[in-house]
file query05.pdb (PDB, C-alpha atoms and all ligand atoms)
ATOM      1  CA  MET A   1     -22.225 -34.218  47.614
ATOM      2  CA  GLY A   2     -21.127 -30.633  47.386
ATOM      3  CA  SER A   3     -17.749 -31.513  45.840
ATOM      4  CA  VAL A   4     -19.354 -33.873  43.237
ATOM      5  CA  LEU A   5     -21.578 -31.012  42.090
ATOM      6  CA  ASP A   6     -18.537 -28.710  41.977
ATOM      7  CA  ILE A   7     -16.623 -31.096  39.689
ATOM      8  CA  THR A   8     -19.597 -31.594  37.319
ATOM      9  CA  GLU A   9     -20.024 -27.833  37.120
ATOM     10  CA  ARG A  10     -16.325 -27.313  36.409
ATOM     11  CA  LYS A  11     -16.343 -30.005  33.689
ATOM     12  CA  ARG A  12     -19.340 -28.385  32.011
ATOM     13  CA  ALA A  13     -17.635 -24.982  32.126
ATOM     14  CA  GLU A  14     -14.445 -26.460  30.656
ATOM     15  CA  GLU A  15     -16.384 -28.132  27.833
ATOM     16  CA  LEU A  16     -18.169 -24.848  27.066
ATOM     17  CA  ALA A  17     -14.861 -22.953  27.010
ATOM     18  CA  ARG A  18     -13.359 -25.587  24.677
ATOM     19  CA  GLN A  19     -16.301 -25.302  22.253
ATOM     20  CA  GLN A  20     -16.081 -21.520  22.327
ATOM     21  CA  GLN A  21     -12.344 -21.644  21.623
ATOM     22  CA  GLU A  22     -12.922 -23.976  18.657
ATOM     23  CA  ARG A  23     -15.564 -21.631  17.216
ATOM     24  CA  LEU A  24     -13.224 -18.680  17.667
ATOM     25  CA  GLN A  25     -10.396 -20.419  15.828
ATOM     26  CA  GLN A  26     -12.750 -21.391  13.018
ATOM     27  CA  THR A  27     -13.879 -17.760  12.660
ATOM     28  CA  ALA A  28     -10.283 -16.542  12.768
ATOM     29  CA  ARG A  29      -9.345 -18.923   9.948
ATOM     30  CA  LEU A  30     -12.312 -17.737   7.888
ATOM     31  CA  ILE A  31     -11.399 -14.081   8.478
ATOM     32  CA  THR A  32      -7.764 -14.734   7.486
ATOM     33  CA  MET A  33      -8.853 -16.468   4.294
ATOM     34  CA  GLY A  34     -11.273 -13.658   3.498
ATOM     35  CA  GLU A  35      -8.588 -11.041   4.161
ATOM     36  CA  MET A  36      -6.095 -12.851   1.961
ATOM     37  CA  ALA A  37      -8.606 -13.042  -0.888
ATOM     38  CA  SER A  38      -9.477  -9.362  -0.662
ATOM     39  CA  THR A  39      -5.824  -8.365  -0.267
ATOM     40  CA  LEU A  40      -4.987 -10.168  -3.486
ATOM     41  CA  ALA A  41      -7.975  -8.727  -5.290
ATOM     42  CA  HIS A  42      -7.127  -5.225  -4.117
ATOM     43  CA  GLU A  43      -3.418  -5.333  -4.958
ATOM     44  CA  LEU A  44      -3.887  -7.030  -8.317
ATOM     45  CA  ASN A  45      -6.505  -4.592  -9.444
ATOM     46  CA  GLN A  46      -3.937  -1.939 -10.332
ATOM     47  CA  PRO A  47      -1.569  -3.950 -12.620
ATOM     48  CA  LEU A  48      -4.533  -5.749 -14.176
ATOM     49  CA  SER A  49      -6.310  -2.529 -15.087
ATOM     50  CA  ALA A  50      -3.035  -1.127 -16.456
ATOM     51  CA  ILE A  51      -2.666  -4.266 -18.629
ATOM     52  CA  ALA A  52      -6.262  -3.906 -19.848
ATOM     53  CA  SER A  53      -5.794  -0.245 -20.742
ATOM     54  CA  TYR A  54      -2.476  -0.865 -22.573
ATOM     55  CA  CYS A  55      -4.223  -3.647 -24.548
ATOM     56  CA  THR A  56      -7.165  -1.412 -25.462
ATOM     57  CA  GLY A  57      -4.775   1.367 -26.496
ATOM     58  CA  CYS A  58      -2.747  -0.980 -28.720
ATOM     59  CA  LEU A  59      -5.860  -2.518 -30.295
ATOM     60  CA  ASN A  60      -7.432   0.870 -31.055
ATOM     61  CA  ARG A  61      -4.285   2.149 -32.687
ATOM     62  CA  LEU A  62      -3.703  -1.103 -34.597
ATOM     63  CA  GLN A  63      -7.245  -0.926 -35.961
ATOM     64  CA  ALA A  64      -6.762   2.705 -36.942
ATOM     65  CA  GLY A  65      -3.452   1.714 -38.612
ATOM     66  CA  SER A  66      -1.722   4.489 -36.647
ATOM     67  CA  ILE A  67       0.920   2.680 -34.617
ATOM     68  CA  ARG A  68       4.559   2.166 -35.540
ATOM     69  CA  PRO A  69       6.290  -1.135 -34.645
ATOM     70  CA  ASP A  70       8.624   0.625 -32.162
ATOM     71  CA  GLU A  71       5.648   2.243 -30.393
ATOM     72  CA  LEU A  72       3.912  -1.127 -30.247
ATOM     73  CA  ALA A  73       7.074  -2.723 -28.812
ATOM     74  CA  THR A  74       7.258  -0.057 -26.053
ATOM     75  CA  ALA A  75       3.609  -0.598 -25.115
ATOM     76  CA  LEU A  76       4.078  -4.383 -25.078
ATOM     77  CA  GLU A  77       7.155  -4.035 -22.841
ATOM     78  CA  LYS A  78       5.149  -1.932 -20.364
ATOM     79  CA  LEU A  79       2.371  -4.490 -20.517
ATOM     80  CA  SER A  80       4.738  -7.331 -19.738
ATOM     81  CA  GLY A  81       6.294  -5.276 -16.887
ATOM     82  CA  GLN A  82       2.844  -4.937 -15.301
ATOM     83  CA  ALA A  83       2.199  -8.687 -15.711
ATOM     84  CA  LYS A  84       5.514  -9.425 -13.942
ATOM     85  CA  ARG A  85       4.555  -7.006 -11.176
ATOM     86  CA  ALA A  86       1.239  -8.848 -10.715
ATOM     87  CA  GLY A  87       3.181 -12.104 -10.373
ATOM     88  CA  GLN A  88       5.547 -10.578  -7.796
ATOM     89  CA  ILE A  89       2.590  -9.240  -5.800
ATOM     90  CA  ILE A  90       0.988 -12.678  -5.665
ATOM     91  CA  ARG A  91       4.225 -14.293  -4.505
ATOM     92  CA  ARG A  92       5.013 -11.634  -1.896
ATOM     93  CA  ILE A  93       1.504 -11.508  -0.446
ATOM     94  CA  HIS A  94       1.349 -15.264  -0.391
ATOM     95  CA  ASP A  95       4.600 -15.400   1.586
ATOM     96  CA  PHE A  96       3.459 -12.594   3.890
ATOM     97  CA  VAL A  97       0.125 -14.251   4.699
ATOM     98  CA  ARG A  98       1.800 -17.610   5.272
ATOM     99  CA  LYS A  99       3.950 -15.754   7.801
ATOM    100  CA  SER A 100       7.170 -16.803   6.166
ATOM    101  CA  GLU A 101       9.839 -14.134   6.387
ATOM    102  CA  PRO A 102       9.458 -11.379   3.804
ATOM    103  CA  ASN A 103      12.366 -10.805   1.470
ATOM    104  CA  VAL A 104      14.141  -8.310   3.720
ATOM    105  CA  ALA A 105      17.340  -6.657   2.506
ATOM    106  CA  PRO A 106      19.048  -3.245   2.790
ATOM    107  CA  CYS A 107      16.822  -0.980   0.793
ATOM    108  CA  CYS A 108      17.044   2.579  -0.430
ATOM    109  CA  LEU A 109      13.743   4.416  -0.153
ATOM    110  CA  SER A 110      14.531   6.947  -2.837
ATOM    111  CA  GLU A 111      14.790   4.080  -5.348
ATOM    112  CA  VAL A 112      11.490   2.638  -4.100
ATOM    113  CA  LEU A 113       9.828   6.046  -4.519
ATOM    114  CA  GLU A 114      11.242   6.506  -8.029
ATOM    115  CA  ASP A 115       9.808   3.115  -9.031
ATOM    116  CA  CYS A 116       6.419   4.016  -7.538
ATOM    117  CA  VAL A 117       6.312   7.389  -9.280
ATOM    118  CA  ALA A 118       7.089   5.633 -12.578
ATOM    119  CA  LEU A 119       4.284   3.157 -11.895
ATOM    120  CA  MET A 120       1.735   5.867 -11.080
ATOM    121  CA  GLU A 121       2.738   8.381 -13.763
ATOM    122  CA  ALA A 122       0.110   7.298 -16.288
ATOM    123  CA  ASP A 123      -2.685   7.313 -13.675
ATOM    124  CA  ALA A 124      -1.672  10.764 -12.435
ATOM    125  CA  ARG A 125      -1.513  12.203 -15.946
ATOM    126  CA  GLN A 126      -4.952  10.797 -16.727
ATOM    127  CA  GLN A 127      -6.394  12.497 -13.607
ATOM    128  CA  GLY A 128      -4.594  15.777 -14.308
ATOM    129  CA  VAL A 129      -2.472  15.411 -11.155
ATOM    130  CA  LYS A 130       1.017  16.900 -11.018
ATOM    131  CA  LEU A 131       3.474  14.561  -9.289
ATOM    132  CA  VAL A 132       6.372  16.086  -7.374
ATOM    133  CA  LEU A 133       9.204  14.005  -5.968
ATOM    134  CA  GLU A 134      11.474  15.418  -3.240
ATOM    135  CA  MET A 135      14.420  13.407  -1.982
ATOM    136  CA  GLY A 136      16.977  14.333   0.657
ATOM    137  CA  ARG A 137      20.694  13.823   0.050
ATOM    138  CA  GLY A 138      22.594  10.888   1.575
ATOM    139  CA  LEU A 139      19.519   9.012   2.643
ATOM    140  CA  PRO A 140      20.422   6.066   4.913
ATOM    141  CA  ALA A 141      19.210   2.568   4.032
ATOM    142  CA  VAL A 142      16.425   0.698   5.805
ATOM    143  CA  MET A 143      15.956  -3.063   6.148
ATOM    144  CA  ALA A 144      12.841  -3.845   4.175
ATOM    145  CA  ASP A 145      11.067  -5.920   1.586
ATOM    146  CA  ARG A 146      11.211  -3.664  -1.442
ATOM    147  CA  ILE A 147       8.070  -5.007  -3.129
ATOM    148  CA  LEU A 148       6.011  -4.675   0.061
ATOM    149  CA  LEU A 149       7.183  -1.064   0.495
ATOM    150  CA  GLN A 150       6.311  -0.390  -3.145
ATOM    151  CA  GLN A 151       2.809  -1.628  -2.428
ATOM    152  CA  VAL A 152       2.451   0.753   0.505
ATOM    153  CA  VAL A 153       3.596   3.780  -1.481
ATOM    154  CA  VAL A 154       1.521   2.919  -4.563
ATOM    155  CA  ASN A 155      -1.558   2.483  -2.346
ATOM    156  CA  LEU A 156      -1.028   5.820  -0.592
ATOM    157  CA  MET A 157      -0.373   7.575  -3.910
ATOM    158  CA  ARG A 158      -3.495   6.068  -5.462
ATOM    159  CA  ASN A 159      -5.599   7.164  -2.461
ATOM    160  CA  GLY A 160      -4.130  10.679  -2.730
ATOM    161  CA  ILE A 161      -4.944  10.892  -6.443
ATOM    162  CA  GLU A 162      -8.473   9.600  -5.861
ATOM    163  CA  ALA A 163      -9.013  12.090  -3.023
ATOM    164  CA  MET A 164      -8.419  14.964  -5.492
ATOM    165  CA  ALA A 165     -11.270  13.995  -7.832
ATOM    166  CA  SER A 166     -13.224  17.130  -6.777
ATOM    167  CA  THR A 167     -10.190  19.423  -6.466
ATOM    168  CA  ARG A 168      -9.868  22.132  -9.138
ATOM    169  CA  ARG A 169      -7.770  20.635 -11.934
ATOM    170  CA  ASP A 170      -5.016  23.261 -11.766
ATOM    171  CA  ARG A 171      -4.548  22.642  -8.016
ATOM    172  CA  ARG A 172      -4.185  18.858  -8.215
ATOM    173  CA  ARG A 173      -0.734  18.056  -6.872
ATOM    174  CA  LEU A 174       0.640  14.990  -5.159
ATOM    175  CA  SER A 175       4.006  15.330  -3.509
ATOM    176  CA  VAL A 176       6.097  12.369  -2.475
ATOM    177  CA  ALA A 177       9.011  13.197  -0.216
ATOM    178  CA  VAL A 178      11.566  11.327   1.829
ATOM    179  CA  GLN A 179      14.121  12.493   4.367
ATOM    180  CA  ALA A 180      16.277  11.130   7.189
ATOM    181  CA  MET A 181      15.035  12.076  10.639
ATOM    182  CA  ASP A 182      16.199  11.044  14.134
ATOM    183  CA  GLY A 183      17.392   7.521  13.378
ATOM    184  CA  SER A 184      14.612   6.840  10.937
ATOM    185  CA  VAL A 185      13.651   7.521   7.347
ATOM    186  CA  LEU A 186      10.435   9.495   6.994
ATOM    187  CA  THR A 187       8.303   9.289   3.849
ATOM    188  CA  ARG A 188       5.459  11.778   3.241
ATOM    189  CA  ILE A 189       2.745  11.522   0.611
ATOM    190  CA  GLN A 190       0.754  14.714   0.495
ATOM    191  CA  ASP A 191      -2.355  15.506  -1.529
ATOM    192  CA  ARG A 192      -4.652  18.496  -1.983
ATOM    193  CA  GLY A 193      -7.761  16.356  -1.760
ATOM    194  CA  CYS A 194     -10.988  16.329   0.216
ATOM    195  CA  GLY A 195      -9.282  15.727   3.597
ATOM    196  CA  ILE A 196     -10.487  13.293   6.237
ATOM    197  CA  SER A 197     -13.383  14.083   8.585
ATOM    198  CA  PRO A 198     -12.885  13.340  12.312
ATOM    199  CA  GLU A 199     -15.678  10.792  12.018
ATOM    200  CA  ASN A 200     -13.925   8.866   9.214
ATOM    201  CA  ALA A 201     -10.496   9.295  10.814
ATOM    202  CA  GLU A 202     -11.430   6.847  13.576
ATOM    203  CA  LYS A 203     -12.354   4.085  11.151
ATOM    204  CA  LEU A 204      -9.776   4.712   8.445
ATOM    205  CA  PHE A 205      -7.508   1.753   9.175
ATOM    206  CA  SER A 206     -10.291  -0.746   9.915
ATOM    207  CA  PRO A 207     -10.603  -3.562   7.394
ATOM    208  CA  PHE A 208     -13.323  -2.953   4.805
ATOM    209  CA  PHE A 209     -13.880   0.725   5.708
ATOM    210  CA  THR A 210     -14.354   2.620   2.461
ATOM    211  CA  THR A 211     -16.184   5.715   1.228
ATOM    212  CA  LYS A 212     -15.713   4.762  -2.440
ATOM    213  CA  THR A 213     -18.380   2.988  -4.477
ATOM    214  CA  GLU A 214     -15.780   0.631  -5.944
ATOM    215  CA  GLY A 215     -13.521   0.594  -2.865
ATOM    216  CA  MET A 216     -12.603  -2.459  -0.874
ATOM    217  CA  GLY A 217     -11.399  -0.667   2.245
ATOM    218  CA  MET A 218      -8.378  -2.930   2.683
ATOM    219  CA  GLY A 219      -5.601  -0.650   1.367
ATOM    220  CA  LEU A 220      -4.732   1.299   4.512
ATOM    221  CA  ASN A 221      -5.141  -1.727   6.706
ATOM    222  CA  ILE A 222      -2.628  -3.620   4.557
ATOM    223  CA  CYS A 223      -0.268  -0.624   4.427
ATOM    224  CA  ARG A 224      -0.227  -0.318   8.203
ATOM    225  CA  SER A 225       0.417  -4.061   8.715
ATOM    226  CA  ILE A 226       3.290  -3.938   6.234
ATOM    227  CA  ILE A 227       4.918  -0.909   7.899
ATOM    228  CA  GLU A 228       4.446  -2.331  11.401
ATOM    229  CA  HIS A 229       5.922  -5.598  10.197
ATOM    230  CA  HIS A 230       9.040  -3.554   9.410
ATOM    231  CA  GLN A 231       9.069  -2.040  12.936
ATOM    232  CA  GLY A 232       7.845   1.245  11.507
ATOM    233  CA  ARG A 233       4.845   3.522  12.028
ATOM    234  CA  LEU A 234       2.192   4.828   9.611
ATOM    235  CA  TRP A 235      -0.151   7.733  10.327
ATOM    236  CA  PHE A 236      -1.811  10.761   8.714
ATOM    237  CA  GLU A 237      -2.217  14.461   9.412
ATOM    238  CA  PRO A 238      -4.216  17.256   7.795
ATOM    239  CA  ALA A 239      -2.022  19.006   5.203
ATOM    240  CA  ALA A 240      -1.258  22.702   5.714
ATOM    241  CA  ASP A 241      -2.706  23.796   2.355
ATOM    242  CA  GLY A 242      -5.776  21.508   2.495
ATOM    243  CA  GLY A 243      -5.877  17.793   1.842
ATOM    244  CA  THR A 244      -4.041  15.112   3.755
ATOM    245  CA  VAL A 245      -0.506  13.941   4.317
ATOM    246  CA  PHE A 246       0.188  10.277   4.984
ATOM    247  CA  LEU A 247       3.507   9.589   6.700
ATOM    248  CA  PHE A 248       5.457   6.488   7.517
ATOM    249  CA  SER A 249       8.770   6.132   9.286
ATOM    250  CA  LEU A 250      11.120   3.171   9.182
ATOM    251  CA  PRO A 251      14.132   2.607  11.423
ATOM    252  CA  VAL A 252      17.507   3.254   9.818
ATOM    253  CA  LEU A 253      19.731   0.282   9.157
ATOM    254  CA  SER A 254      22.567   0.471  11.703
ATOM    255  CA  ALA A 255      25.222  -0.729   9.210
ATOM    256  CA  PRO A 256      26.867   1.970   7.008
ATOM    257  CA  SER A 257      24.557   3.549   4.445
ATOM    258  CA  LEU A 258      24.342   1.724   1.136
ATOM    259  CA  SER A 259      22.634   4.521  -0.696
ATOM    260  CA  GLY A 260      25.279   5.470  -3.189
ATOM    261  CA  ALA A 261      22.480   6.136  -5.632
ATOM    262  CA  ALA A 262      20.628   8.310  -3.153
ATOM    263  CA  MET A 263      23.790  10.334  -2.455
ATOM    264  CA  SER A 264      23.731  11.607  -5.963
ATOM    265  CA  GLN A 265      20.064  12.594  -5.823
ATOM    266  CA  ASP A 266      19.386  16.254  -6.214
ATOM    267  CA  GLU A 267      17.951  17.853  -3.105
ATOM    268  CA  SER A 268      15.645  20.180  -4.951
ATOM    269  CA  PRO A 269      12.090  19.039  -5.722
ATOM    270  CA  GLN A 270      11.796  17.238  -8.973
ATOM    271  CA  ASP A 271       8.685  17.587 -11.114
ATOM    272  CA  VAL A 272       7.617  14.434 -12.842
TER     273      VAL A 272
HETATM  274  P1  LIG B   1     -10.225   2.074  -0.406
HETATM  275  O1  LIG B   1      -9.252   2.928  -1.162
HETATM  276  O2  LIG B   1     -10.526   0.771  -1.095
HETATM  277  O3  LIG B   1     -11.488   2.796   0.001
HETATM  278  P2  LIG B   1      -8.390   2.324   1.847
HETATM  279  O4  LIG B   1      -8.237   1.469   3.075
HETATM  280  O5  LIG B   1      -7.163   2.567   1.058
HETATM  281  O6  LIG B   1      -9.502   1.623   0.970
HETATM  282  O7  LIG B   1      -9.000   3.718   2.275
HETATM  283  C1  LIG B   1     -10.121   3.750   3.161
HETATM  284  C2  LIG B   1     -10.797   5.102   3.094
HETATM  285  O8  LIG B   1      -9.941   6.096   3.645
HETATM  286  C3  LIG B   1     -11.096   5.595   1.687
HETATM  287  O9  LIG B   1     -12.308   5.059   1.175
HETATM  288  C4  LIG B   1     -11.188   7.113   1.894
HETATM  289  O10 LIG B   1     -12.453   7.484   2.402
HETATM  290  C5  LIG B   1     -10.183   7.356   3.012
HETATM  291  N1  LIG B   1      -8.899   7.869   2.507
HETATM  292  C6  LIG B   1      -7.764   7.176   2.273
HETATM  293  N2  LIG B   1      -6.781   7.976   1.810
HETATM  294  C7  LIG B   1      -7.290   9.219   1.737
HETATM  295  C8  LIG B   1      -6.771  10.510   1.350
HETATM  296  N3  LIG B   1      -5.515  10.666   0.916
HETATM  297  N4  LIG B   1      -7.602  11.578   1.434
HETATM  298  C9  LIG B   1      -8.875  11.444   1.872
HETATM  299  N5  LIG B   1      -9.430  10.258   2.261
HETATM  300  C10 LIG B   1      -8.658   9.160   2.194
END
call {"tool": "encode", "arguments": {"input": "query05.pdb", "output": "structure tokens"}}
result
Amino acid sequence: MGSVLDITERKRAEELARQQQERLQQTARLITMGEMASTLAHELNQPLSAIASYCTGCLNRLQAGSIRPDELATALEKLSGQAKRAGQIIRRIHDFVRKSEPNVAPCCLSEVLEDCVALMEADARQQGVKLVLEMGRGLPAVMADRILLQQVVVNLMRNGIEAMASTRRDRRRLSVAVQAMDGSVLTRIQDRGCGISPENAEKLFSPFFTTKTEGMGMGLNICRSIIEHHQGRLWFEPAADGGTVFLFSLPVLSAPSLSGAAMSQDESPQDV
């Protein structure tokens, strides 16, 4: 009698565990879908708003009759560059979420940073932020997906710029630096913004944590997953002269350095 009861009890427990597991998987799928949707929305926001502002600029100047054909051509080229970037982001994120291998290849971080600075130049100028780029000589290559790294840097730069909204205009400075260090390549993005309170520091990388009215709170979470996916580490520290510095390190590619371009970079800081 006792053993019959035991078996019934065990079966009921197993059935309960199975149902619970099914519910968990369903929730996990929903969360993944939700995260993918917000990741896309968050990453696409930047090229789409750039496209919208280029369009408005062109229209205004066309209506005022104050734009030359060559100026219009330059603006349209930038516009189409941003549209291509949006397409690349969709493809890369799609691949990443589907867990297919990212497009990993030897990659030179100084080139990635130059691209990011070019992408953020207009935003920085609009916010009165001085961008400073510092690159070490002979930087070794890392194995990485270039577009994913670009997304990380652009996100960190955008956060830095936004954090300086209340900083005195003549102090607004965002420095982007990269150097080789102990078998890894270390990138630092330093602002003179509001800093991060100990209370917020704990939640900073959690999905959907934001202090901005229009924020989505996914940026840092995505950045950290991307860096960890590349066997790297992402963290932040208070900056010495106020504000915050975000750092990420990536392991150096063991093959010989490919960074011919980086070799020729000047070691002194470069104002942009
Ligand atoms: P979002 O930018 O949409 O809010 P993030 O995940 O990128 O999402 O950032 C989460 C929060 O972390 C921000 O809302 C902000 O409070 C804080 N944060 C991020 N970067 C900085 C920074 N450089 N300085 C101060 N606070 C920051």
call {"tool": "closest_residue", "arguments": {"input": "query05.pdb", "among": "A:Ile161, A:Ala141, A:Thr8, A:Leu234", "to": "A:Glu121", "atoms": "all atoms listed in the file"}}
result
A:Ile161
call {"tool": "resolve_selection", "arguments": {"input": "query05.pdb", "expression": "the PyMOL selection byres (((chain A and resi 147) around 8) and not hetatm)", "output": "PyMOL selection string"}}
result
chain A and resi 88-89+92+145-146+148-151
call {"tool": "resolve_selection", "arguments": {"input": "query05.pdb", "expression": "the PyMOL selection byres (((chain A and resi 173) around 12) and not hetatm)", "output": "VMD selection string"}}
result
chain A and resid 124 to 125 127 to 133 157 160 to 165 167 to 172 174 to 176 189 to 193 241 to 245 271 to 272
call {"tool": "closest_residue", "arguments": {"input": "query05.pdb", "among": "A:Val104, A:Leu119, A:Ala86, A:Ala41", "to": "ligand LIG 1 (chain B)", "atoms": "all atoms listed in the file"}}
result
A:Ala41
call {"tool": "closest_atom_pairs", "arguments": {"input": "query05.pdb", "of": "chain A", "to": "ligand LIG 1 (chain B)", "cutoff": "9 Å", "atoms": "all atoms listed in the file", "output": "CSV"}}
result
residue,atom,partner,partner_atom,distance
A:His42,CA,B:LIG1,O2,7.5
A:Asn155,CA,B:LIG1,O5,6.6
A:Leu156,CA,B:LIG1,N2,6.6
A:Met157,CA,B:LIG1,N3,7.7
A:Arg158,CA,B:LIG1,O1,7.8
A:Asn159,CA,B:LIG1,N2,4.5
A:Gly160,CA,B:LIG1,N3,3.9
A:Ile161,CA,B:LIG1,N3,7.4
A:Glu162,CA,B:LIG1,C8,7.5
A:Ala163,CA,B:LIG1,N4,4.7
A:Met164,CA,B:LIG1,N4,7.8
A:Ile189,CA,B:LIG1,N3,8.3
A:Gln190,CA,B:LIG1,N3,7.5
A:Asp191,CA,B:LIG1,N3,6.3
A:Arg192,CA,B:LIG1,N4,8.3
A:Gly193,CA,B:LIG1,N4,5.7
A:Cys194,CA,B:LIG1,C9,5.6
A:Gly195,CA,B:LIG1,C9,4.6
A:Ile196,CA,B:LIG1,C9,5.0
A:Ser197,CA,B:LIG1,N5,8.4
A:Asn200,CA,B:LIG1,O10,7.1
A:Ala201,CA,B:LIG1,O8,7.9
A:Lys203,CA,B:LIG1,O8,8.1
A:Leu204,CA,B:LIG1,O8,5.0
A:Phe205,CA,B:LIG1,O4,6.1
A:Ser206,CA,B:LIG1,O4,7.5
A:Pro207,CA,B:LIG1,O4,7.0
A:Phe208,CA,B:LIG1,O4,7.0
A:Phe209,CA,B:LIG1,C1,5.5
A:Thr210,CA,B:LIG1,O9,3.4
A:Thr211,CA,B:LIG1,O9,3.9
A:Lys212,CA,B:LIG1,O9,5.0
A:Thr213,CA,B:LIG1,O3,8.2
A:Glu214,CA,B:LIG1,O2,7.2
A:Gly215,CA,B:LIG1,O2,3.5
A:Met216,CA,B:LIG1,O2,3.8
A:Gly217,CA,B:LIG1,O6,3.2
A:Met218,CA,B:LIG1,O4,4.4
A:Gly219,CA,B:LIG1,O5,3.6
A:Leu220,CA,B:LIG1,O4,3.8
A:Asn221,CA,B:LIG1,O4,5.7
A:Ile222,CA,B:LIG1,O4,7.7
A:Cys223,CA,B:LIG1,O5,8.3
A:Phe236,CA,B:LIG1,N3,8.6
A:Gly243,CA,B:LIG1,N4,6.5
A:Thr244,CA,B:LIG1,N3,5.5
A:Val245,CA,B:LIG1,N3,6.9
A:Phe246,CA,B:LIG1,N3,7.0
call {"tool": "resolve_selection", "arguments": {"input": "query05.pdb", "expression": "the PyMOL selection byres (((chain A and resi 139) around 6) and not hetatm)", "output": "PDB file with C-alpha atoms, in the coordinates of the input"}}
result
ATOM      1  CA  ARG A 137      20.694  13.823   0.050  1.00  0.00           C
ATOM      2  CA  GLY A 138      22.594  10.888   1.575  1.00  0.00           C
ATOM      3  CA  PRO A 140      20.422   6.066   4.913  1.00  0.00           C
ATOM      4  CA  ALA A 180      16.277  11.130   7.189  1.00  0.00           C
ATOM      5  CA  ALA A 262      20.628   8.310  -3.153  1.00  0.00           C
TER       6      ALA A 262
END
call {"tool": "closest_residue", "arguments": {"input": "query05.pdb", "among": "A:Ile226, A:Ile67, A:Ala83, A:Met181", "to": "A:Asn45", "atoms": "all atoms listed in the file"}}
result
A:Ala83
call {"tool": "closest_residue", "arguments": {"input": "query05.pdb", "among": "A:Ala122, A:Leu16, A:Gly65, A:Leu247", "to": "A:Pro47", "atoms": "all atoms listed in the file"}}
result
A:Ala122
call {"tool": "closest_residue", "arguments": {"input": "query05.pdb", "among": "A:Ala73, A:Leu40, A:Val142, A:Leu48", "to": "A:Pro106", "atoms": "all atoms listed in the file"}}
result
A:Val142
